[in-house]
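Novice: If it helps, the file is called work01.txt and holds compact mmCIF, C-alpha atoms:
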# COMPACT_ATOMS: atom_id res chain seq x y z
CA MET Q 1 0.00 0.00 0.00
CA GLY Q 2 2.76 2.39 1.04
CA GLN Q 3 4.77 1.45 -2.04
CA ARG Q 4 1.76 2.14 -4.30
CA ARG Q 5 1.31 5.57 -2.70
CA ALA Q 6 4.98 6.33 -3.18
CA ILE Q 7 4.73 5.39 -6.91
CA LEU Q 8 1.59 7.51 -7.29
CA ALA Q 9 3.23 10.49 -5.56
CA GLY Q 10 6.31 10.02 -7.71
CA GLY Q 11 4.14 9.97 -10.83
CA ILE Q 12 2.39 13.19 -9.80
CA VAL Q 13 5.71 14.88 -9.08
CA LEU Q 14 7.08 13.71 -12.46
CA ALA Q 15 3.95 14.96 -14.29
CA LEU Q 16 4.18 18.33 -12.53
CA PHE Q 17 7.88 18.50 -13.39
CA LEU Q 18 7.20 17.75 -17.06
CA MET Q 19 4.41 20.35 -17.15
CA GLN Q 20 6.82 22.82 -15.62
CA ILE Q 21 9.61 22.26 -18.12
CA ALA Q 22 7.59 22.19 -21.32
CA SER Q 23 4.18 22.88 -22.79
CA ALA Q 24 2.79 23.52 -26.27
CA GLY Q 25 5.60 23.87 -28.73
CA VAL Q 26 6.24 24.44 -32.36
CA GLY Q 27 8.55 22.68 -34.78
CA VAL Q 28 9.47 23.09 -38.42
CA LYS Q 29 11.00 20.63 -40.86
CA TRP Q 30 12.31 21.59 -44.27
CA GLU Q 31 13.99 19.84 -47.15
CA GLN Q 32 14.74 22.78 -49.36
CA GLU Q 33 16.06 26.27 -48.76
CA SER Q 34 16.38 27.56 -52.34
CA PHE Q 35 13.44 27.71 -54.70
CA LEU Q 36 13.26 28.69 -58.35
CA VAL Q 37 10.10 30.74 -58.87
CA ASN Q 38 8.77 32.36 -62.01
CA ASP Q 39 8.66 36.10 -62.48
CA GLY Q 40 5.11 37.44 -61.98
CA GLU Q 41 3.49 34.12 -61.12
CA ASN Q 42 1.68 32.65 -58.11
CA THR Q 43 3.86 30.23 -56.20
CA CYS Q 44 3.10 27.83 -53.36
CA LEU Q 45 5.71 26.33 -51.04
CA THR Q 46 5.28 23.61 -48.47
CA TYR Q 47 6.97 23.32 -45.10
CA SER Q 48 6.23 20.64 -42.52
CA VAL Q 49 5.28 21.37 -38.94
CA TYR Q 50 5.46 19.09 -35.93
CA ASN Q 51 4.96 19.22 -32.19
CA PRO Q 52 6.81 16.68 -30.04
CA TRP Q 53 5.53 18.40 -26.89
CA PRO Q 54 2.68 17.26 -24.61
CA GLU Q 55 0.07 19.89 -25.65
CA ASP Q 56 -1.68 20.58 -28.97
CA SER Q 57 -0.63 23.80 -30.67
CA SER Q 58 -1.94 26.06 -33.44
CA VAL Q 59 0.61 27.26 -35.95
CA GLN Q 60 0.70 29.62 -38.89
CA ILE Q 61 3.35 30.10 -41.58
CA GLU Q 62 4.50 33.64 -42.29
CA LEU Q 63 6.69 35.12 -44.99
CA PRO Q 64 9.94 36.79 -43.93
CA GLU Q 65 9.46 40.37 -42.69
CA ASN Q 66 11.78 41.77 -45.36
CA LEU Q 67 9.78 40.10 -48.15
CA LYS Q 68 6.27 40.90 -46.92
CA ASN Q 69 6.20 44.13 -48.93
CA LEU Q 70 7.56 42.47 -52.07
CA LEU Q 71 5.55 39.27 -52.21
CA THR Q 72 1.79 39.44 -52.11
CA SER Q 73 0.90 36.79 -49.59
CA GLN Q 74 -2.38 34.96 -49.59
CA GLU Q 75 -4.30 34.21 -46.41
CA ALA Q 76 -2.11 32.03 -44.18
CA GLU Q 77 -3.66 28.78 -43.07
CA THR Q 78 -3.74 28.04 -39.32
CA LYS Q 79 -3.05 24.41 -38.57
CA ILE Q 80 -3.64 22.53 -35.33
CA VAL Q 81 -0.68 20.28 -34.63
CA PRO Q 82 -1.61 17.51 -32.20
CA ALA Q 83 0.56 16.91 -29.16
CA ASN Q 84 3.31 14.32 -29.49
CA THR Q 85 3.62 14.66 -33.27
CA PRO Q 86 7.24 13.68 -33.97
CA SER Q 87 9.32 15.07 -36.82
CA SER Q 88 8.91 11.76 -38.65
CA SER Q 89 5.13 12.44 -38.84
CA ALA Q 90 5.42 16.17 -39.57
CA ILE Q 91 2.33 17.72 -41.18
CA PRO Q 92 2.83 19.59 -44.45
CA VAL Q 93 1.53 23.16 -44.53
CA LYS Q 94 1.29 25.01 -47.82
CA PHE Q 95 1.55 28.76 -48.16
CA CYS Q 96 1.17 30.74 -51.35
CA PHE Q 97 2.27 34.12 -52.59
CA LYS Q 98 2.55 36.07 -55.80
CA VAL Q 99 6.02 36.85 -57.07
CA PRO Q 100 6.22 40.39 -58.50
CA ARG Q 101 7.46 41.09 -62.03
CA VAL Q 102 11.08 41.99 -61.47
CA TYR Q 103 12.51 41.76 -64.99
CA ALA Q 104 11.95 44.34 -67.73
CA ARG Q 105 9.56 43.48 -70.59
CA ASP Q 106 9.11 45.33 -73.86
CA CYS Q 107 5.37 45.55 -74.60
CA LEU Q 108 3.65 47.08 -77.64
CA VAL Q 109 0.20 47.69 -76.15
CA GLY Q 110 -0.03 48.20 -72.37
CA GLY Q 111 0.91 44.88 -70.81
CA PHE Q 112 0.25 42.93 -74.02
CA ILE Q 113 2.25 41.75 -77.03
CA CYS Q 114 5.43 41.66 -74.93
CA LYS Q 115 8.89 40.27 -75.42
CA GLN Q 116 11.43 39.56 -72.70
CA GLU Q 117 15.16 39.41 -73.26
CA CYS Q 118 16.41 38.65 -69.70
CA LYS Q 119 19.60 40.66 -69.84
CA GLU Q 120 19.54 41.52 -66.12
CA GLU Q 121 21.30 39.65 -63.30
CA GLN Q 122 19.18 37.01 -61.59
CA VAL Q 123 17.18 38.50 -58.71
CA VAL Q 124 17.46 36.54 -55.44
CA TYR Q 125 15.45 37.18 -52.28
CA ASP Q 126 16.71 35.86 -48.93
CA GLY Q 127 14.84 35.61 -45.67
CA GLU Q 128 13.47 33.31 -42.99
CA VAL Q 129 10.02 31.74 -43.14
CA SER Q 130 8.47 31.71 -39.65
CA VAL Q 131 6.17 29.10 -38.23
CA LYS Q 132 4.41 31.02 -35.52
CA SER Q 133 2.64 29.51 -32.57
CA VAL Q 134 -0.79 31.16 -32.48
CA PRO Q 135 -1.69 31.92 -28.86
CA GLY Q 136 -5.21 30.88 -27.85
CA ASN Q 137 -5.73 34.08 -25.91
CA ALA Q 138 -3.35 36.96 -26.54
CA GLU Q 139 -4.71 38.98 -23.61
CA MET Q 140 -2.72 38.79 -20.42
CA SER Q 141 -4.44 38.30 -17.15
CA GLY Q 142 -3.58 40.16 -13.94
CA SER Q 143 -1.35 43.16 -13.65
CA GLY Q 144 0.91 44.60 -16.32
CA GLY Q 145 3.80 42.97 -18.07
CA SER Q 146 4.62 41.32 -21.36
CA ALA Q 147 2.65 38.68 -23.22
CA THR Q 148 4.87 36.08 -24.86
CA GLN Q 149 4.78 34.22 -28.14
CA MET Q 150 7.22 32.11 -30.07
CA ALA Q 151 8.13 30.95 -33.54
CA VAL Q 152 10.67 28.82 -35.31
CA SER Q 153 12.11 29.77 -38.63
CA ALA Q 154 13.58 28.10 -41.68
CA PRO Q 155 15.81 29.78 -44.26
CA LEU Q 156 14.24 30.73 -47.57
CA ARG Q 157 16.02 31.75 -50.76
CA LEU Q 158 13.85 32.65 -53.75
CA LYS Q 159 15.64 32.74 -57.09
CA ILE Q 160 13.42 34.50 -59.58
CA VAL Q 161 13.54 32.86 -62.99
CA CYS Q 162 13.40 35.02 -66.10
CA LYS Q 163 12.17 33.16 -69.21
CA PRO Q 164 13.30 34.92 -72.38
CA HIS Q 165 10.70 34.92 -75.14
CA GLY Q 166 9.93 36.74 -78.35
CA ARG Q 167 6.96 39.02 -78.82
CA ASP Q 168 3.82 37.15 -77.91
CA PHE Q 169 1.14 37.69 -80.56
CA SER Q 170 -1.34 35.26 -78.98
CA LEU Q 171 -3.67 38.08 -78.02
CA VAL Q 172 -3.75 39.34 -81.62
CA TYR Q 173 -4.51 35.86 -82.98
CA ILE Q 174 -7.17 35.25 -80.35
CA SER Q 175 -8.80 38.62 -81.16
CA LEU Q 176 -8.70 37.87 -84.90
CA ALA Q 177 -10.18 34.41 -84.40
CA VAL Q 178 -12.97 35.77 -82.20
CA ILE Q 179 -13.82 38.57 -84.66
CA ALA Q 180 -13.77 36.17 -87.64
CA ALA Q 181 -15.96 33.67 -85.79
CA ILE Q 182 -18.45 36.42 -84.84
CA VAL Q 183 -18.62 37.71 -88.43
CA ILE Q 184 -19.14 34.17 -89.81
CA VAL Q 185 -21.88 33.46 -87.26
CA VAL Q 186 -23.64 36.77 -88.05
CA ILE Q 187 -23.52 36.12 -91.83
CA LEU Q 188 -24.79 32.55 -91.42
CA PHE Q 189 -27.48 33.70 -89.03
CA ARG Q 190 -28.70 36.37 -91.45
CA LYS Q 191 -28.58 33.88 -94.29
CA TYR Q 192 -30.50 31.09 -92.63
CA ARG Q 193 -32.94 32.99 -90.42
CA LYS Q 194 -35.42 33.35 -93.41
CA PRO Q 195 -37.69 30.38 -94.37
CA GLU Q 196 -36.39 28.13 -97.17
CA SER Q 197 -39.11 29.20 -99.65
CA GLU Q 198 -38.08 32.85 -99.20
CA ARG Q 199 -34.41 31.95 -99.59
CA LYS Q 200 -35.22 30.02 -102.81
CA LYS Q 201 -37.28 32.97 -104.06
CA GLU Q 202 -34.32 35.28 -103.46
CA LYS Q 203 -32.04 32.82 -105.21
CA LEU Q 204 -34.47 32.73 -108.16
CA GLU Q 205 -34.55 36.53 -108.28
CA HIS Q 206 -30.78 36.54 -108.20
CA LEU Q 207 -30.61 34.02 -111.09
CA LYS Q 208 -33.14 36.04 -113.09
CA GLU Q 209 -31.01 39.16 -112.68
CA GLU Q 210 -27.96 37.18 -113.72
CA MET Q 211 -29.81 35.91 -116.86
CA LYS Q 212 -30.91 39.45 -117.74
CA ARG Q 213 -27.35 40.66 -117.34
CA LEU Q 214 -26.06 37.87 -119.59
CA LYS Q 215 -28.76 38.51 -122.21
CA GLY Q 216 -27.91 42.23 -122.14
CA LYS Q 217 -24.29 41.38 -122.84
CA LYS Q 218 -25.26 39.29 -125.87
CA MET U 1 -20.50 33.83 -106.01
CA LYS U 2 -22.57 35.93 -103.66
CA ARG U 3 -20.96 38.66 -101.50
CA GLU U 4 -21.83 36.88 -98.25
CA ASP U 5 -20.19 33.67 -99.49
CA VAL U 6 -17.03 35.63 -100.24
CA LEU U 7 -17.12 37.14 -96.74
CA ILE U 8 -17.55 33.69 -95.16
CA LEU U 9 -14.60 32.43 -97.16
CA VAL U 10 -12.37 35.39 -96.16
CA PHE U 11 -13.27 35.30 -92.46
CA GLY U 12 -13.07 31.49 -92.42
CA ALA U 13 -9.53 31.79 -93.74
CA ILE U 14 -8.70 34.38 -91.04
CA LEU U 15 -10.16 32.10 -88.36
CA LEU U 16 -8.16 29.10 -89.56
CA PHE U 17 -4.98 31.19 -89.84
CA SER U 18 -5.37 32.53 -86.27
CA ILE U 19 -6.00 29.07 -84.84
CA ALA U 20 -3.01 27.67 -86.77
CA MET U 21 -0.74 30.45 -85.47
CA LEU U 22 -1.91 29.88 -81.88
CA VAL U 23 -1.25 26.14 -82.18
CA ILE U 24 2.17 26.69 -83.77
CA GLY U 25 3.06 29.24 -81.07
CA ASN U 26 2.28 26.74 -78.33
CA LEU U 27 4.05 23.82 -79.94
CA LYS U 28 7.27 22.93 -78.25
CA LEU U 29 9.65 20.58 -79.91
CA THR U 30 11.50 18.36 -77.54
CA GLY U 31 14.19 15.82 -78.10
CA ASN U 32 14.48 12.44 -76.49
CA ALA U 33 17.29 11.46 -74.19
CA ILE U 34 18.01 8.49 -71.98
CA SER U 35 18.84 9.41 -68.42
CA THR U 36 18.81 8.13 -64.87
CA VAL U 37 18.20 10.02 -61.65
CA SER U 38 20.66 10.67 -58.86
CA ASN U 39 18.89 11.89 -55.76
CA VAL U 40 19.63 12.97 -52.20
CA THR U 41 17.42 14.87 -49.74
CA ILE U 42 18.91 16.78 -46.85
CA THR U 43 16.39 17.51 -44.14
CA SER U 44 16.63 19.89 -41.19
CA TYR U 45 14.18 20.11 -38.33
CA LEU U 46 13.92 21.85 -34.99
CA SER U 47 11.29 22.35 -32.34
CA ILE U 48 11.06 24.59 -29.27
CA ALA U 49 8.58 25.10 -26.44
CA MET U 50 8.12 27.71 -23.75
CA SER U 51 7.83 26.67 -20.12
CA PRO U 52 4.30 27.26 -18.74
CA ASN U 53 5.49 30.18 -16.61
CA LEU U 54 7.00 31.91 -19.63
CA GLN U 55 3.90 31.11 -21.67
CA GLU U 56 1.79 32.78 -18.98
CA GLY U 57 3.60 36.06 -19.69
CA ILE U 58 6.27 38.14 -17.99
CA LEU U 59 4.52 39.62 -14.98
CA PHE U 60 5.95 42.42 -12.86
CA GLY U 61 3.08 42.75 -10.35
CA SER U 62 2.04 46.00 -8.66
CA VAL U 63 4.45 48.80 -7.87
CA ASP U 64 3.67 51.39 -5.15
CA THR U 65 6.83 53.47 -5.00
CA LEU U 66 8.56 55.26 -7.86
CA PRO U 67 11.15 55.28 -9.24
CA ALA U 68 11.50 51.50 -9.17
CA LEU U 69 14.67 49.89 -10.46
CA ASN U 70 15.14 46.33 -11.63
CA ILE U 71 11.76 45.01 -10.54
CA SER U 72 11.96 41.25 -10.89
CA ALA U 73 9.47 39.36 -13.00
CA SER U 74 7.35 37.11 -10.79
CA HIS U 75 8.93 33.87 -12.07
CA ASN U 76 12.55 35.03 -11.96
CA TYR U 77 13.35 33.15 -8.76
CA ASP U 78 10.37 30.88 -8.04
CA GLY U 79 11.96 27.56 -8.99
CA GLY U 80 13.79 25.07 -6.77
CA SER U 81 16.84 26.71 -5.12
CA SER U 82 15.51 30.08 -6.38
CA ALA U 83 16.09 29.14 -10.03
CA SER U 84 14.18 30.77 -12.84
CA THR U 85 11.10 28.94 -14.14
CA MET U 86 11.02 30.81 -17.45
CA ASN U 87 12.78 28.91 -20.16
CA ILE U 88 12.65 27.78 -23.76
CA SER U 89 13.41 24.12 -24.38
CA VAL U 90 14.85 22.72 -27.59
CA SER U 91 13.34 19.33 -28.32
CA SER U 92 15.63 16.32 -28.58
CA ASP U 93 13.55 15.58 -31.71
CA SER U 94 15.60 18.19 -33.58
CA ASN U 95 18.62 17.55 -35.77
CA VAL U 96 20.20 20.98 -35.44
CA ASP U 97 21.23 23.12 -32.50
CA VAL U 98 19.25 26.30 -32.07
CA ASP U 99 19.89 30.04 -31.79
CA LEU U 100 17.11 31.89 -29.98
CA CYS U 101 16.21 35.43 -30.98
CA ILE U 102 14.17 37.82 -28.84
CA LYS U 103 12.31 41.08 -29.45
CA ALA U 104 9.52 43.21 -28.03
CA ASN U 105 6.73 44.44 -30.28
CA ALA U 106 6.69 47.94 -28.74
CA ASN U 107 7.15 50.00 -25.60
CA LEU U 108 5.04 49.00 -22.61
CA GLN U 109 1.85 51.00 -22.92
CA ASN U 110 -1.25 51.57 -20.79
CA ALA U 111 -4.84 52.20 -21.86
CA GLY U 112 -4.19 55.94 -21.82
CA THR U 113 -1.27 55.51 -24.27
CA ASP U 114 1.35 56.45 -21.66
CA ILE U 115 4.47 54.43 -22.26
CA ILE U 116 7.40 52.91 -20.42
CA GLY U 117 10.26 52.93 -22.92
CA ILE U 118 11.34 49.48 -24.08
CA GLY U 119 14.89 50.26 -22.92
CA ASN U 120 13.58 49.91 -19.35
CA GLU U 121 12.68 46.24 -19.83
CA THR U 122 15.77 44.07 -19.58
CA TYR U 123 16.58 40.38 -19.73
CA SER U 124 19.39 37.97 -19.12
CA ASN U 125 19.69 34.39 -20.34
CA SER U 126 21.77 31.31 -19.72
CA THR U 127 21.79 27.60 -20.56
CA SER U 128 21.68 26.83 -16.83
CA THR U 129 19.81 28.39 -13.93
CA SER U 130 20.44 28.91 -10.23
CA SER U 131 19.75 31.69 -7.75
CA THR U 132 22.37 33.84 -9.47
CA VAL U 133 22.23 32.62 -13.09
CA PRO U 134 21.02 34.15 -15.38
CA GLY U 135 22.50 37.12 -13.58
CA ILE U 136 21.26 40.68 -13.36
CA ALA U 137 24.79 41.88 -14.08
CA GLN U 138 24.50 40.53 -17.60
CA ASN U 139 21.09 42.04 -18.32
CA VAL U 140 20.49 43.86 -21.61
CA SER U 141 17.59 45.99 -22.79
CA LEU U 142 14.96 44.56 -25.10
CA THR U 143 14.66 46.04 -28.57
CA THR U 144 11.91 46.02 -31.18
CA SER U 145 14.10 44.08 -33.65
CA TYR U 146 15.14 40.49 -33.14
CA VAL U 147 18.56 40.02 -31.55
CA LYS U 148 20.23 36.75 -30.68
CA ALA U 149 19.78 35.82 -27.02
CA GLY U 150 20.59 32.16 -26.43
CA GLN U 151 23.11 30.90 -28.97
CA ASN U 152 23.95 27.34 -29.88
CA VAL U 153 21.35 25.85 -27.53
CA LEU U 154 21.83 22.10 -27.84
CA LYS U 155 18.92 19.81 -28.65
CA GLY U 156 17.39 18.37 -25.51
CA THR U 157 18.47 21.35 -23.38
CA SER U 158 16.90 24.66 -22.31
CA ASN U 159 17.71 28.33 -22.37
CA HIS U 160 16.67 30.07 -19.14
CA TYR U 161 15.52 33.67 -18.87
CA ARG U 162 15.05 36.38 -16.27
CA PHE U 163 13.41 39.75 -16.86
CA TRP U 164 13.56 43.06 -15.00
CA LEU U 165 11.79 46.39 -15.37
CA ASN U 166 12.78 49.95 -14.48
CA ILE U 167 9.99 52.47 -13.94
CA PRO U 168 10.91 56.19 -13.98
CA ALA U 169 9.83 58.49 -11.13
CA ALA U 170 7.25 60.50 -13.09
CA GLN U 171 5.52 57.51 -14.67
CA ALA U 172 1.73 57.79 -14.92
CA THR U 173 -0.27 55.13 -13.07
CA GLY U 174 -1.85 52.33 -15.07
CA THR U 175 -1.38 48.78 -16.28
CA TYR U 176 1.32 48.62 -18.91
CA ASN U 177 1.59 45.82 -21.46
CA ASN U 178 3.51 44.77 -24.54
CA SER U 179 4.40 41.51 -26.22
CA ILE U 180 7.70 39.64 -26.38
CA SER U 181 8.49 37.19 -29.16
CA PHE U 182 11.04 34.39 -29.29
CA ASN U 183 12.23 32.88 -32.52
CA GLY U 184 14.22 29.67 -32.81
CA MET U 185 16.45 29.14 -35.84
CA ALA U 186 19.14 26.65 -36.80
CA THR U 187 22.54 27.58 -35.41
CA GLY U 188 24.81 29.03 -38.07
CA GLY U 189 21.88 30.22 -40.14
CA GLY U 190 22.93 33.88 -40.06
CA ALA U 191 21.14 36.86 -38.57
CA CYS U 192 17.79 36.76 -36.79
CA PRO U 193 14.73 37.16 -39.06
What does this structure look like when you write it as structure tokens?

Specialist:
Amino acid sequence: MGQRRAILAGGIVLALFLMQIASAGVGVKWEQESFLVNDGENTCLTYSVYNPWPEDSSVQIELPENLKNLLTSQEAETKIVPANTPSSSAIPVKFCFKVPRVYARDCLVGGFICKQECKEEQVVYDGEVSVKSVPGNAEMSGSGGSATQMAVSAPLRLKIVCKPHGRDFSLVYISLAVIAAIVIVVILFRKYRKPESERKKEKLEHLKEEMKRLKGKK
Amino acid sequence: MKREDVLILVFGAILLFSIAMLVIGNLKLTGNAISTVSNVTITSYLSIAMSPNLQEGILFGSVDTLPALNISASHNYDGGSSASTMNISVSSDSNVDVDLCIKANANLQNAGTDIIGIGNETYSNSTSTSSTVPGIAQNVSLTTSYVKAGQNVLKGTSNHYRFWLNIPAAQATGTYNNSISFNGMATGGGACP
């Protein structure tokens, strides 16, 4: 009986000790630090998050501070990471952003019919992607002081790819095709909207005129 | 041939030409090659957690007499043998050692927008803790940009913190708050984010 009590007390002390030394945590796992991304396109990257600690945690991926103004970030997804999730079972979290146009293009009309020569040096952005632990309640209780929050970060290097290409006339061809198709549809519609008898009558009239013209020539 | 038939012929030709040009423009000629793949993936991972007393916030309690110098945060000395109970642990399920960065979001401010300058809030850190470590003699002021606090914290160990606050003599009454962030990054990864 006494031994059982001692084990129970020891267990409680151990649990209290563990609670004291660690709580909800945040972890990040990454396999790539450099990414090739296309100039002016939407890009999504995936990092994995894990939580080997004894409490569930909510995490959110954020772009590096120095790149927030350059890259248009889409709404960051908040992910609940269950307690005791080891790095081997890390959960992938995707975050997306739009890469700005950084290389010069020569366009004929506004942003259309452009060519790109890619004579500039490759643009590279460096920073740290943060996986932030989202606090359940940011408000502090009691008297004044400082609320605390934490994050882990992984290095990020974005190499912006410039794809050289000649002038792109696709828009012109698409416009031409659309106009031609509209004109053909209108002509066919006008031609076939009348009843067949009326169309034949018109054809007859046309032939009669043709005959008259031919007779006149003779 | 009637005029409308001529028009259909002309615009039909334009339509076909445009479609042909679009198709040609999108065609990409590729060659064939025989190859095999050589592949290696290098993975890094790290995880940190705050102790419950640090997660609760850095609390300085009530102050009746001003000026007040080096007011201790309530968990600075409340551990066994007067150790600090505010720490950040690096999980043993990490494969890199960790540098810890620290910053405050702003000055401490009350509801009436009076402020206590961030330079008055100081901290000290160490990879061990006792009644004297982390020591007040090593304290440095918080800043609003990340700076490295604990460096090269080994996986499976903790970085311990203590915080102090100075309040000037003419400080307006009120409850002052701000927010302090910690960021863990792989050791050797360069400057704080």

Novice: Which residues of chain U come within 8 Å of chain Q, and for each one, what is the closest pair of atoms and their distance in Å to one decimal, counting all atoms listed in the file, sorted by chain and residue number, as a tab-separated table?

Specialist:
residue	atom	partner	partner_atom	distance
U:Glu4	CA	Q:Ile187	CA	6.7
U:Leu7	CA	Q:Ile184	CA	7.8
U:Ile8	CA	Q:Ile184	CA	5.6
U:Phe11	CA	Q:Ala180	CA	4.9
U:Gly12	CA	Q:Ala180	CA	6.7
U:Ile14	CA	Q:Ala180	CA	6.4
U:Leu15	CA	Q:Ala177	CA	4.6
U:Leu16	CA	Q:Ala177	CA	7.7
U:Ser18	CA	Q:Tyr173	CA	4.8
U:Ile19	CA	Q:Ala177	CA	6.8
U:Met21	CA	Q:Tyr173	CA	7.0
U:Leu22	CA	Q:Ser170	CA	6.1
U:Gly25	CA	Q:Ser170	CA	7.7
U:Thr41	CA	Q:Glu31	CA	6.6
U:Ile42	CA	Q:Glu31	CA	5.8
U:Thr43	CA	Q:Glu31	CA	4.5
U:Ser44	CA	Q:Trp30	CA	5.6
U:Tyr45	CA	Q:Lys29	CA	4.1
U:Leu46	CA	Q:Gly27	CA	5.4
U:Ser47	CA	Q:Gly27	CA	3.7
U:Ile48	CA	Q:Gly25	CA	5.5
U:Ala49	CA	Q:Gly25	CA	4.0
U:Met50	CA	Q:Ala22	CA	6.1
U:Ser51	CA	Q:Ala22	CA	4.6
U:Pro52	CA	Q:Ser23	CA	6.0
U:Asn53	CA	Q:Gln20	CA	7.5
U:Leu54	CA	Q:Thr148	CA	7.0
U:Gln55	CA	Q:Thr148	CA	6.0
U:Glu56	CA	Q:Ala147	CA	7.3
U:Gly57	CA	Q:Ala147	CA	4.5
U:Ile58	CA	Q:Ser146	CA	4.9
U:Leu59	CA	Q:Gly145	CA	4.6
U:Phe60	CA	Q:Gly145	CA	5.7
U:Gly61	CA	Q:Ser143	CA	5.5
U:Ser62	CA	Q:Ser143	CA	6.7
U:Thr85	CA	Q:Gln20	CA	7.6
U:Asn87	CA	Q:Ile21	CA	7.6
U:Ile88	CA	Q:Ala22	CA	7.9
U:Ser89	CA	Q:Ala22	CA	6.9
U:Ser91	CA	Q:Pro52	CA	7.3
U:Asp93	CA	Q:Ser87	CA	6.7
U:Ser94	CA	Q:Ser87	CA	7.7
U:Leu108	CA	Q:Gly145	CA	7.6
U:Thr175	CA	Q:Gly144	CA	4.8
U:Tyr176	CA	Q:Gly144	CA	4.8
U:Asn177	CA	Q:Gly145	CA	4.9
U:Asn178	CA	Q:Ser146	CA	4.8
U:Ser179	CA	Q:Ala147	CA	4.5
U:Ile180	CA	Q:Thr148	CA	4.8
U:Ser181	CA	Q:Gln149	CA	4.9
U:Phe182	CA	Q:Met150	CA	4.5
U:Asn183	CA	Q:Ala151	CA	4.6
U:Gly184	CA	Q:Val152	CA	4.4
U:Met185	CA	Q:Ser153	CA	5.2
U:Ala186	CA	Q:Ala154	CA	7.5
U:Gly189	CA	Q:Pro155	CA	7.3
U:Pro193	CA	Q:Glu128	CA	5.6

Novice: Could you check the closest approach to Thr46 in chain Q for each of Q:Val93, Q:Pro195, Q:Gln116, Q:Leu67 and tell me which residue wins, using all atoms listed in the file?

Specialist: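 Selected residue with least distance to Thr46 in chain Q: Q:Val93.
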
Novice: When you count all atoms listed in the file, which of these residues is closest to Thr173 in chain U: U:Val133, U:Ile116, U:Ser92, U:Phe17?

Specialist: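 Checking each candidate against Thr173 in chain U, we get U:Ile116 as the closest.
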
Novice: Which neighbours of Arg162 in chain U fall inside 7 Å, counting all atoms listed in the file, when residues of the same chain fewer than 5 positions from it are skipped, and could you give them as a list of chain:residue names?

Specialist: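 The residues that qualify are U:Asn76, U:Ser84, U:Met86, U:Tyr123, U:Ser124, U:Asn125, U:Pro134.
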
Novice: CA of Leu45 in chain Q and CA of Pro92 in chain Q, how far apart in Å?

Specialist: 9.9 Å

Novice: I'd like the contact shell of Ser141 in chain U - 12 Å cut-off, only C-alpha atoms, skipping same-chain residues fewer than 2 positions apart - returned as a PyMOL selection string.

Specialist: chain U and resi 70+102-104+107+117-124+136+138-139+143-147+149+162-166

Novice: In Å, with one decimal, what is the gap from CA of Glu62 in chain Q to CA of Leu156 in chain Q?

Specialist: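 Distance between the two atoms: 11.5 Å.
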
Novice: Enter the distance from CA of Val81 in chain Q to CA of Asn69 in chain Q, in Å, rounded to one decimal.

Specialist: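 Distance reported for this atom pair: 28.6 Å.
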
Novice: What's around range 167-170 of chain U at 6 Å? Count only C-alpha atoms, leave out sequence neighbours fewer than 2 positions away in its own chain, and write the answer as a list in words.

Specialist: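 In the requested format, the answer is Leu66, Pro67 and Ala68 of chain U.
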
Novice: List the spatial neighbours of Lys119 in chain Q as a list in words - criterion: any atom at most 9 Å away, all atoms listed in the file, same-chain residues fewer than 4 positions off excluded.

Specialist: Tyr103, Ala104 and Pro164 of chain Q

Novice: Show me, as AutoDock Vina command-line options, the centre and edge lengths in Å to one decimal of the axis-aligned box that covers every listed atom of range 41-51 of chain U with 8 Å on each side.

Specialist:
--center_x 13.4 --center_y 21.3 --center_z -34.9 --size_x 27.1 --size_y 28.8 --size_z 45.6
